[in-house]
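Participant: I have a structure I would like to understand better, so I am pasting it below and will then ask my questions one at a time.
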Amino acid sequence: MSTKENLRTDIKQWLRALSIDEVTSRSKFTESLLLQYLVTLDHQSPLSVVGLYLPLRGEPRFEMNRWSLFPWKLAYPSETETGMRYLLPKKQKPEKGHWVEEGEEVEPDVIIVPGLLFSESGYRIGRGGGYYDKLLSSWRPKLGCVGLCFEEQVRSEFETQPHDEKMNVIVTEKRIISVNS
């Protein structure tokens with residue numbers, strides 16, 4: 001098993017051990033720092049569309065009533081034959097699951113990217129499908145990519161591969177990590 005696979009296995013085990021209450025509680029703090037960062041970003045260059053994700057088990061969650069306080073449109077990933085794209089969903093609140101099926105295709109100003117692990121230098125280890133790496137190798141949102149995770153999912157470094165794409169910022173429930181690109 002490769003080092004990356006070992007890291008995936010270990011962190012998935014840790015995430016499975018988190019209770020729903022703990023994920024919910026930690027998500028509130030993570031989301032607060034994320035919104036703080038996005039408001040600051042919005043003051044520097046107005047945001048129109050933010051790309052979110054539909055959380056899988058153990059990933060930071062979003063309280064949609066908090067997001068309704070902001071004027072941003074929210075887009076979500078949709079699977080394509082060659083990878084993924086972002087859609088503004090037809091329904092106000094998309095169904096749970098990994099992908100949004102229907103909506104208007106858009107290019108968000110900034111995207112929020114989940115991951116199993118992030119390095120302090122901005123690299124991420126995802127679930128192994130390569131969707132975000134493929135997307136970001138051909139297109140970058142004009143205001144960047146924000147990795148979102150819990151503090152235990154941040155490492156000082158880990159081995160990367162040539163196809164791995166960097167985040168501009170990483171947000172946890174404890175801090176906002178600016179990455180030198």
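Following the order of the structure tokens, first chain is A, next is B, and so on, with residues numbered from 1 inside each chain and ligands from 1 in the order they appear.
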Taking 2 positions as the minimum chain separation for residues in the same chain, which residues sit within 10 Å of Arg124 of chain A when counting only C-alpha atoms? Answer as a ChimeraX atom specification.
Facilitator: /A:113-122,126-127,132-133,147,153-155,157-158,160,164-167,170
Participant: When DSSP is applied to the backbone of this structure, which of chain A are assigned alpha helix (DSSP H)? Write them out as a PyMOL selection string.
Facilitator: chain A and resi 3-17+20-44+64-67+131-138
Participant: So which one's closest to Glu159 of chain A, A:Trp139, A:Lys12, A:Tyr123, A:Leu18? Using only C-alpha atoms, please.
Facilitator: A:Tyr123
Participant: Pick the closest to Asn65 of chain A from A:Gln36, A:Lys4, A:Glu31, A:Arg26: which is it, counting only C-alpha atoms?
Facilitator: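 Closest candidate: A:Glu31.
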Participant: Between A:Ile111, A:Met64, A:Leu88, A:Leu34, single out the one closest to Phe150 of chain A, counting only C-alpha atoms.
Facilitator: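 That would be A:Leu34, the residue with the smallest distance to Phe150 of chain A.
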Participant: In terms of the shortest atom-to-atom distance over only C-alpha atoms, which of A:Met84, A:Ile125, A:Ala75, A:Leu7 is closest to Val49 of chain A?
Facilitator: A:Ala75
Participant: Go through segment 27-179 of chain A and collect every residue that DSSP, computed from the backbone, puts in strand (DSSP E); the answer should be as a PyMOL selection string.
Facilitator: chain A and resi 49-51+73-79+84-89+103-106+110-114+117-119+124-125+145-148+154-155+169-171+176-178
Participant: Give me, please, the distance in Å between atom CA of Thr80 of chain A and atom CA of Lys142 of chain A, quoted to one decimal.
Facilitator: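 We find that atom CA of Thr80 of chain A and atom CA of Lys142 of chain A lie 21.8 Å from each other.
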Participant: I need the residue nearest Glu63 of chain A from this list: A:Tyr37, A:Lys28, A:Arg85, A:Pro141. Use only C-alpha atoms for the distance.
Facilitator: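 The closest residue to Glu63 of chain A is A:Lys28.
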Participant: Of the candidates A:Gly130, A:Thr82, A:Asp10, A:Cys149, which shows the shortest atom-to-atom distance to Pro55 of chain A, using only C-alpha atoms?
Facilitator: A:Cys149
Participant: Please provide as a list in words all residues within 9 Å of Gly58 of chain A, with the sequence filter that same-chain residues fewer than 4 positions apart are discarded (counting only C-alpha atoms).
Facilitator: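 Residues near the query, excluding close chain neighbours: Lys12, Trp14, Leu15, Arg16, Ala17, Leu18, Ser19, Ile20 and Val23 of chain A.
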Participant: If I take atom CA of Ile11 of chain A and atom CA of Tyr53 of chain A, how far is one from the other in Å, to one decimal?
Facilitator: 19.4 Å
Participant: When you draw a straight line from atom CA of Val171 of chain A to atom CA of Glu151 of chain A, how long is it in Å?
Facilitator: 8.5 Å
Participant: Tell me, as an NGL selection string, which residues lie within 8 Å of Ile112 of chain A, counting only C-alpha atoms; anything in the same chain fewer than 2 positions away does not count.
Facilitator: :A and (50-53 or 110 or 114 or 145-148)
Participant: Pull N, CA and C atoms from the residues just selected and write them as a tab-separated table (two decimals), in the first residue's frame.
Facilitator:
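Output file part-v4.tsv is given in full below:
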```
chain	number	residue	atom	x	y	z
A	50	VAL	N	-20.32	31.14	-5.48
A	50	VAL	CA	-19.42	30.34	-4.64
A	50	VAL	C	-19.71	28.87	-4.94
A	51	GLY	N	-18.68	28.11	-5.21
A	51	GLY	CA	-18.83	26.67	-5.43
A	51	GLY	C	-18.68	25.93	-4.12
A	52	LEU	N	-19.76	25.30	-3.67
A	52	LEU	CA	-19.73	24.49	-2.45
A	52	LEU	C	-19.64	23.01	-2.84
A	53	TYR	N	-19.87	22.14	-1.89
A	53	TYR	CA	-19.94	20.70	-2.15
A	53	TYR	C	-21.04	20.13	-1.28
A	110	VAL	N	-14.99	31.38	-6.64
A	110	VAL	CA	-14.16	30.66	-5.68
A	110	VAL	C	-14.84	29.33	-5.42
A	114	PRO	N	-13.53	19.90	-0.45
A	114	PRO	CA	-13.32	18.98	0.67
A	114	PRO	C	-12.08	18.13	0.42
A	145	CYS	N	-9.13	28.60	-4.68
A	145	CYS	CA	-9.66	27.36	-4.14
A	145	CYS	C	-9.40	27.33	-2.63
A	146	VAL	N	-10.44	27.01	-1.89
A	146	VAL	CA	-10.35	26.95	-0.44
A	146	VAL	C	-10.54	25.50	0.00
A	147	GLY	N	-9.51	24.91	0.60
A	147	GLY	CA	-9.63	23.57	1.16
A	147	GLY	C	-10.32	23.66	2.51
A	148	LEU	N	-11.28	22.78	2.77
A	148	LEU	CA	-12.04	22.81	4.01
A	148	LEU	C	-11.95	21.47	4.71
```
